[in-house]
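Note: the block below is upload_34.cif and it holds mmCIF, C-alpha atoms.
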data_target
#
loop_
_atom_site.group_PDB
_atom_site.id
_atom_site.type_symbol
_atom_site.label_atom_id
_atom_site.label_comp_id
_atom_site.auth_asym_id
_atom_site.auth_seq_id
_atom_site.Cartn_x
_atom_site.Cartn_y
_atom_site.Cartn_z
ATOM 1 C CA MET A 1 0.000 0.000 0.000
ATOM 2 C CA ILE A 2 1.358 3.425 -0.952
ATOM 3 C CA ARG A 3 0.865 5.938 1.825
ATOM 4 C CA ARG A 4 -0.261 9.484 1.092
ATOM 5 C CA ALA A 5 1.167 12.577 2.787
ATOM 6 C CA VAL A 6 -0.149 16.135 2.830
ATOM 7 C CA VAL A 7 2.354 18.965 3.312
ATOM 8 C CA THR A 8 1.093 22.483 4.026
ATOM 9 C CA GLY A 9 3.507 25.191 3.015
ATOM 10 C CA GLY A 10 4.825 22.623 0.574
ATOM 11 C CA ALA A 11 5.928 25.247 -1.948
ATOM 12 C CA GLY A 12 8.266 26.990 0.497
ATOM 13 C CA ALA A 13 11.909 26.047 0.991
ATOM 14 C CA ILE A 14 11.396 23.799 4.028
ATOM 15 C CA GLY A 15 8.090 22.407 2.772
ATOM 16 C CA ALA A 16 9.457 21.560 -0.681
ATOM 17 C CA ALA A 17 12.400 19.752 0.935
ATOM 18 C CA ILE A 18 9.929 17.738 3.032
ATOM 19 C CA VAL A 19 7.903 16.958 -0.104
ATOM 20 C CA ARG A 20 11.051 15.647 -1.842
ATOM 21 C CA VAL A 21 12.064 13.489 1.137
ATOM 22 C CA LEU A 22 8.592 11.976 1.467
ATOM 23 C CA SER A 23 8.334 11.397 -2.273
ATOM 24 C CA ASP A 24 11.783 9.780 -2.345
ATOM 25 C CA ALA A 25 10.623 7.515 0.491
ATOM 26 C CA GLY A 26 7.817 6.271 -1.750
ATOM 27 C CA LEU A 27 4.861 8.252 -0.435
ATOM 28 C CA ARG A 28 2.321 9.911 -2.692
ATOM 29 C CA VAL A 29 2.500 13.587 -1.715
ATOM 30 C CA ALA A 30 -0.071 16.384 -1.825
ATOM 31 C CA VAL A 31 1.352 19.895 -1.717
ATOM 32 C CA CYS A 32 -0.742 22.663 -0.176
ATOM 33 C CA ALA A 33 0.073 26.296 -0.865
ATOM 34 C CA ARG A 34 -1.728 29.617 -1.041
ATOM 35 C CA THR A 35 -2.141 29.335 -4.829
ATOM 36 C CA LEU A 36 -2.456 26.397 -7.181
ATOM 37 C CA ASP A 37 0.458 27.737 -9.242
ATOM 38 C CA ALA A 38 2.694 27.691 -6.162
ATOM 39 C CA ALA A 39 1.558 24.193 -5.147
ATOM 40 C CA SER A 40 2.058 22.921 -8.707
ATOM 41 C CA SER A 41 5.522 24.460 -8.933
ATOM 42 C CA VAL A 42 6.970 21.813 -6.609
ATOM 43 C CA GLY A 43 6.532 19.177 -9.317
ATOM 44 C CA GLY A 44 7.831 15.656 -8.930
ATOM 45 C CA GLY A 45 4.381 14.198 -9.497
ATOM 46 C CA ALA A 46 2.967 15.759 -6.347
ATOM 47 C CA GLU A 47 -0.718 16.576 -6.156
ATOM 48 C CA ALA A 48 -1.471 20.295 -5.799
ATOM 49 C CA PHE A 49 -4.058 21.967 -3.569
ATOM 50 C CA ALA A 50 -4.595 25.644 -2.847
ATOM 51 C CA GLY A 51 -6.051 27.436 0.136
ATOM 52 C CA ASP A 52 -5.518 30.588 2.151
ATOM 53 C CA LEU A 53 -4.659 29.334 5.628
ATOM 54 C CA ALA A 54 -5.832 32.626 7.135
ATOM 55 C CA ASP A 55 -9.375 31.802 5.957
ATOM 56 C CA PRO A 56 -11.157 28.990 7.856
ATOM 57 C CA ALA A 57 -13.671 28.497 5.019
ATOM 58 C CA ALA A 58 -10.819 28.109 2.511
ATOM 59 C CA ILE A 59 -9.242 25.509 4.793
ATOM 60 C CA ASP A 60 -12.538 23.616 4.900
ATOM 61 C CA ARG A 61 -12.736 23.627 1.079
ATOM 62 C CA MET A 62 -9.118 22.539 0.750
ATOM 63 C CA THR A 63 -9.387 19.695 3.282
ATOM 64 C CA ALA A 64 -12.581 18.481 1.605
ATOM 65 C CA ALA A 65 -10.768 18.391 -1.754
ATOM 66 C CA ILE A 66 -7.789 16.609 -0.209
ATOM 67 C CA ALA A 67 -10.015 13.998 1.453
ATOM 68 C CA ALA A 68 -12.030 13.498 -1.742
ATOM 69 C CA ALA A 69 -8.795 12.757 -3.627
ATOM 70 C CA GLY A 70 -7.816 9.911 -1.312
ATOM 71 C CA ARG A 71 -6.800 8.672 2.083
ATOM 72 C CA VAL A 72 -4.415 10.820 4.136
ATOM 73 C CA ASP A 73 -1.855 8.876 6.142
ATOM 74 C CA VAL A 74 0.573 11.665 7.044
ATOM 75 C CA LEU A 75 -0.119 15.350 7.666
ATOM 76 C CA VAL A 76 2.838 17.711 7.842
ATOM 77 C CA ASN A 77 1.792 21.163 9.076
ATOM 78 C CA CYS A 78 4.720 23.177 7.724
ATOM 79 C CA ALA A 79 3.069 26.412 6.570
ATOM 80 C CA GLY A 80 4.048 29.583 8.330
ATOM 81 C CA TRP A 81 4.020 33.325 7.934
ATOM 82 C CA GLY A 82 5.836 36.059 9.780
ATOM 83 C CA GLU A 83 6.405 39.774 9.863
ATOM 84 C CA SER A 84 9.317 41.217 11.768
ATOM 85 C CA ARG A 85 8.694 44.540 13.493
ATOM 86 C CA PRO A 86 8.609 45.875 17.050
ATOM 87 C CA PHE A 87 5.484 44.733 18.879
ATOM 88 C CA LEU A 88 4.294 48.280 19.571
ATOM 89 C CA GLU A 89 4.302 48.956 15.818
ATOM 90 C CA THR A 90 1.985 46.026 15.073
ATOM 91 C CA ALA A 91 -1.780 46.088 14.664
ATOM 92 C CA PRO A 92 -4.560 43.662 15.617
ATOM 93 C CA GLU A 93 -5.042 42.720 11.950
ATOM 94 C CA THR A 94 -1.436 41.506 11.837
ATOM 95 C CA TRP A 95 -1.873 39.584 15.101
ATOM 96 C CA ASP A 96 -4.960 37.911 13.669
ATOM 97 C CA MET A 97 -3.092 36.873 10.507
ATOM 98 C CA LEU A 98 -0.098 35.566 12.455
ATOM 99 C CA ILE A 99 -2.279 33.508 14.771
ATOM 100 C CA ALA A 100 -4.543 32.300 11.950
ATOM 101 C CA VAL A 101 -1.759 31.034 9.694
ATOM 102 C CA ASN A 102 0.715 29.816 12.307
ATOM 103 C CA LEU A 103 -1.605 28.280 14.918
ATOM 104 C CA ARG A 104 -5.279 28.145 14.010
ATOM 105 C CA ALA A 105 -4.694 26.589 10.580
ATOM 106 C CA THR A 106 -2.561 23.863 12.161
ATOM 107 C CA ILE A 107 -5.346 23.083 14.628
ATOM 108 C CA GLN A 108 -8.076 23.173 11.958
ATOM 109 C CA LEU A 109 -6.192 21.006 9.447
ATOM 110 C CA THR A 110 -5.302 18.445 12.092
ATOM 111 C CA HIS A 111 -8.874 18.404 13.388
ATOM 112 C CA ALA A 112 -10.175 17.800 9.859
ATOM 113 C CA LEU A 113 -7.738 15.075 8.781
ATOM 114 C CA LEU A 114 -6.924 13.214 12.005
ATOM 115 C CA PRO A 115 -10.276 11.419 12.529
ATOM 116 C CA ALA A 116 -9.833 9.197 9.455
ATOM 117 C CA MET A 117 -6.320 8.281 10.616
ATOM 118 C CA ALA A 118 -7.647 7.388 14.062
ATOM 119 C CA GLU A 119 -10.472 5.355 12.531
ATOM 120 C CA ARG A 120 -7.963 3.339 10.466
ATOM 121 C CA GLY A 121 -5.664 2.965 13.481
ATOM 122 C CA TRP A 122 -2.664 4.462 11.693
ATOM 123 C CA GLY A 123 -1.456 7.922 10.818
ATOM 124 C CA ARG A 124 1.159 10.532 11.541
ATOM 125 C CA VAL A 125 0.846 14.249 12.228
ATOM 126 C CA VAL A 126 4.004 16.353 12.133
ATOM 127 C CA LEU A 127 3.962 19.930 13.396
ATOM 128 C CA ILE A 128 6.745 22.214 12.221
ATOM 129 C CA GLY A 129 7.302 24.938 14.781
ATOM 130 C CA SER A 130 10.081 27.437 15.159
ATOM 131 C CA ASP A 131 12.820 28.108 17.626
ATOM 132 C CA ALA A 132 10.981 31.421 18.135
ATOM 133 C CA GLY A 133 8.209 29.419 19.797
ATOM 134 C CA ARG A 134 10.666 28.003 22.277
ATOM 135 C CA VAL A 135 12.873 30.962 23.119
ATOM 136 C CA GLY A 136 11.141 33.979 21.577
ATOM 137 C CA SER A 137 12.387 36.136 18.761
ATOM 138 C CA ARG A 138 13.193 39.826 18.586
ATOM 139 C CA ASN A 139 10.476 41.773 16.746
ATOM 140 C CA GLU A 140 8.277 38.667 16.410
ATOM 141 C CA ALA A 141 6.289 38.524 19.659
ATOM 142 C CA VAL A 142 2.995 37.317 18.212
ATOM 143 C CA TYR A 143 4.679 34.951 15.748
ATOM 144 C CA ALA A 144 6.643 33.456 18.647
ATOM 145 C CA ALA A 145 3.457 33.118 20.703
ATOM 146 C CA ALA A 146 1.684 31.314 17.845
ATOM 147 C CA LYS A 147 4.618 28.967 17.262
ATOM 148 C CA GLY A 148 4.766 28.399 21.022
ATOM 149 C CA GLY A 149 1.175 27.201 20.718
ATOM 150 C CA VAL A 150 2.264 24.760 18.020
ATOM 151 C CA HIS A 151 4.972 23.434 20.346
#

Can you turn what I pasted into structure tokens?
Amino acid sequence: MIRRAVVTGGAGAIGAAIVRVLSDAGLRVAVCARTLDAASSVGGGAEAFAGDLADPAAIDRMTAAIAAAGRVDVLVNCAGWGESRPFLETAPETWDMLIAVNLRATIQLTHALLPAMAERGWGRVVLIGSDAGRVGSRNEAVYAAAKGGVH
């Protein structure tokens, strides 16, 4: 049986490297990115899915499409977004985006795809955090808080 992995942020540097490693290990890989062009750019025979991880409804549509395309055995939550600036120069809209992409999306994607893994009695969920979530990061207070939530 060929296992299927889903990698969010799969078009970024870290995500694309994860996609290659999983593909080389024989898994069928689905790449998730903000746009279909970005997800498709990874190549290597990977499936491509698009969704704005700051938008819960877009995540619902994307996870439905992923599930409709086949069983998910491995979920790698790799997507992330940051903006570096002093905390007092940030606005609530930025906080919302940082928390939505870096924490809420991870929770929502896992919540959507984990039940089928549990029902089958096998699956893996990998959460990619950041050292900022462990020790903080200058000019990234909210990002660090969100990644701390992932940890």

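Put simply, CA of Phe87 in chain A is 11.0 Å away from CA of Ser137 in chain A.
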
Practice task
Compute the distance from (1.2, 20.5, -0.2) to each atom, counting all atoms listed in the file, keep the residues with any atom at most 6 Å away, and return them as number ranges by chain; use the coordinates of the file.
Solution key: A: 6-8, 10, 30-33

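For the pair CA of Ala116 in chain A and CA of Gly15 in chain A, the separation is 23.2 Å.
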
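Compared by their closest atoms to Arg71 in chain A, and using all atoms listed in the file, the residues A:Arg34, A:Lys147, A:Arg28, A:Arg138 rank with A:Arg28 nearest.
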
Which residues would end up in the selection if the PyMOL selection byres ((chain A and resi 93-104) around 12) were applied here, given that I need the answer as an mmCIF file with C-alpha atoms, in the coordinates of the input?
data_model
loop_
_atom_site.group_PDB
_atom_site.id
_atom_site.type_symbol
_atom_site.label_atom_id
_atom_site.label_comp_id
_atom_site.auth_asym_id
_atom_site.auth_seq_id
_atom_site.Cartn_x
_atom_site.Cartn_y
_atom_site.Cartn_z
ATOM 1 C CA THR A 8 1.093 22.483 4.026
ATOM 2 C CA GLY A 9 3.507 25.191 3.015
ATOM 3 C CA ALA A 33 0.073 26.296 -0.865
ATOM 4 C CA ARG A 34 -1.728 29.617 -1.041
ATOM 5 C CA GLY A 51 -6.051 27.436 0.136
ATOM 6 C CA ASP A 52 -5.518 30.588 2.151
ATOM 7 C CA LEU A 53 -4.659 29.334 5.628
ATOM 8 C CA ALA A 54 -5.832 32.626 7.135
ATOM 9 C CA ASP A 55 -9.375 31.802 5.957
ATOM 10 C CA PRO A 56 -11.157 28.990 7.856
ATOM 11 C CA ALA A 58 -10.819 28.109 2.511
ATOM 12 C CA ILE A 59 -9.242 25.509 4.793
ATOM 13 C CA ASN A 77 1.792 21.163 9.076
ATOM 14 C CA CYS A 78 4.720 23.177 7.724
ATOM 15 C CA ALA A 79 3.069 26.412 6.570
ATOM 16 C CA GLY A 80 4.048 29.583 8.330
ATOM 17 C CA TRP A 81 4.020 33.325 7.934
ATOM 18 C CA GLY A 82 5.836 36.059 9.780
ATOM 19 C CA GLU A 83 6.405 39.774 9.863
ATOM 20 C CA SER A 84 9.317 41.217 11.768
ATOM 21 C CA ARG A 85 8.694 44.540 13.493
ATOM 22 C CA PHE A 87 5.484 44.733 18.879
ATOM 23 C CA LEU A 88 4.294 48.280 19.571
ATOM 24 C CA GLU A 89 4.302 48.956 15.818
ATOM 25 C CA THR A 90 1.985 46.026 15.073
ATOM 26 C CA ALA A 91 -1.780 46.088 14.664
ATOM 27 C CA PRO A 92 -4.560 43.662 15.617
ATOM 28 C CA ALA A 105 -4.694 26.589 10.580
ATOM 29 C CA THR A 106 -2.561 23.863 12.161
ATOM 30 C CA ILE A 107 -5.346 23.083 14.628
ATOM 31 C CA GLN A 108 -8.076 23.173 11.958
ATOM 32 C CA LEU A 109 -6.192 21.006 9.447
ATOM 33 C CA THR A 110 -5.302 18.445 12.092
ATOM 34 C CA HIS A 111 -8.874 18.404 13.388
ATOM 35 C CA LEU A 127 3.962 19.930 13.396
ATOM 36 C CA ILE A 128 6.745 22.214 12.221
ATOM 37 C CA GLY A 129 7.302 24.938 14.781
ATOM 38 C CA SER A 130 10.081 27.437 15.159
ATOM 39 C CA ALA A 132 10.981 31.421 18.135
ATOM 40 C CA GLY A 133 8.209 29.419 19.797
ATOM 41 C CA GLU A 140 8.277 38.667 16.410
ATOM 42 C CA ALA A 141 6.289 38.524 19.659
ATOM 43 C CA VAL A 142 2.995 37.317 18.212
ATOM 44 C CA TYR A 143 4.679 34.951 15.748
ATOM 45 C CA ALA A 144 6.643 33.456 18.647
ATOM 46 C CA ALA A 145 3.457 33.118 20.703
ATOM 47 C CA ALA A 146 1.684 31.314 17.845
ATOM 48 C CA LYS A 147 4.618 28.967 17.262
ATOM 49 C CA GLY A 148 4.766 28.399 21.022
ATOM 50 C CA GLY A 149 1.175 27.201 20.718
ATOM 51 C CA VAL A 150 2.264 24.760 18.020
ATOM 52 C CA HIS A 151 4.972 23.434 20.346
#

Fill in the blank from the handout: Expressed in Å, the length from CA of Arg20 in chain A to CA of Val135 in chain A is 29.3 Å

Place a sphere of radius 6 Å on (-6.6, 15.7, -5.9) in the file coordinates and name every protein, DNA or RNA residue with an atom inside or on its surface, counting only C-alpha atoms; give the answer as a CSV table (one decimal) with C-alpha atoms, in the frame of the given file.
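Saved result, out20.csv, follows:
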chain,number,residue,atom,x,y,z
A,47,GLU,CA,-0.7,16.6,-6.2
A,66,ILE,CA,-7.8,16.6,-0.2
A,69,ALA,CA,-8.8,12.8,-3.6

Handout entry: Output check: residues returned by the PyMOL selection byres ((chain A and resi 124) around 12), as a count of residues only
Key = 25

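When only C-alpha atoms are used to measure the gap to Ala38 in chain A, the shortest distance among A:Gly26, A:Ala11, A:Asp60, A:Arg134 belongs to A:Ala11.
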
Problem - Pick from A:Ala65, A:Ile2, A:Ala57, A:Ala16, whichever lies nearest to Ala39 in chain A using all atoms listed in the file - result: A:Ala16

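Residue nearest Ala50 in chain A within the list A:Leu27, A:Val19, A:Ala68, A:Leu36: A:Leu36 [criterion: smallest interatomic distance, all atoms listed in the file].
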
Practice task
Evaluate the PyMOL selection byres ((chain A and resi 45) around 10) and record the selected residues as a PyMOL selection string, following the chain and residue labels used in the document.
Solution key: chain A and resi 23+28-30+40+42-44+46-48

Save out the residues we just selected, C-alpha atoms, as a PDB file, in the coordinates of the input.
ATOM      1  CA  SER A  23       8.334  11.397  -2.273  1.00  0.00           C
ATOM      2  CA  ARG A  28       2.321   9.911  -2.692  1.00  0.00           C
ATOM      3  CA  VAL A  29       2.500  13.587  -1.715  1.00  0.00           C
ATOM      4  CA  ALA A  30      -0.071  16.384  -1.825  1.00  0.00           C
ATOM      5  CA  SER A  40       2.058  22.921  -8.707  1.00  0.00           C
ATOM      6  CA  VAL A  42       6.970  21.813  -6.609  1.00  0.00           C
ATOM      7  CA  GLY A  43       6.532  19.177  -9.317  1.00  0.00           C
ATOM      8  CA  GLY A  44       7.831  15.656  -8.930  1.00  0.00           C
ATOM      9  CA  ALA A  46       2.967  15.759  -6.347  1.00  0.00           C
ATOM     10  CA  GLU A  47      -0.718  16.576  -6.156  1.00  0.00           C
ATOM     11  CA  ALA A  48      -1.471  20.295  -5.799  1.00  0.00           C
TER      12      ALA A  48
END
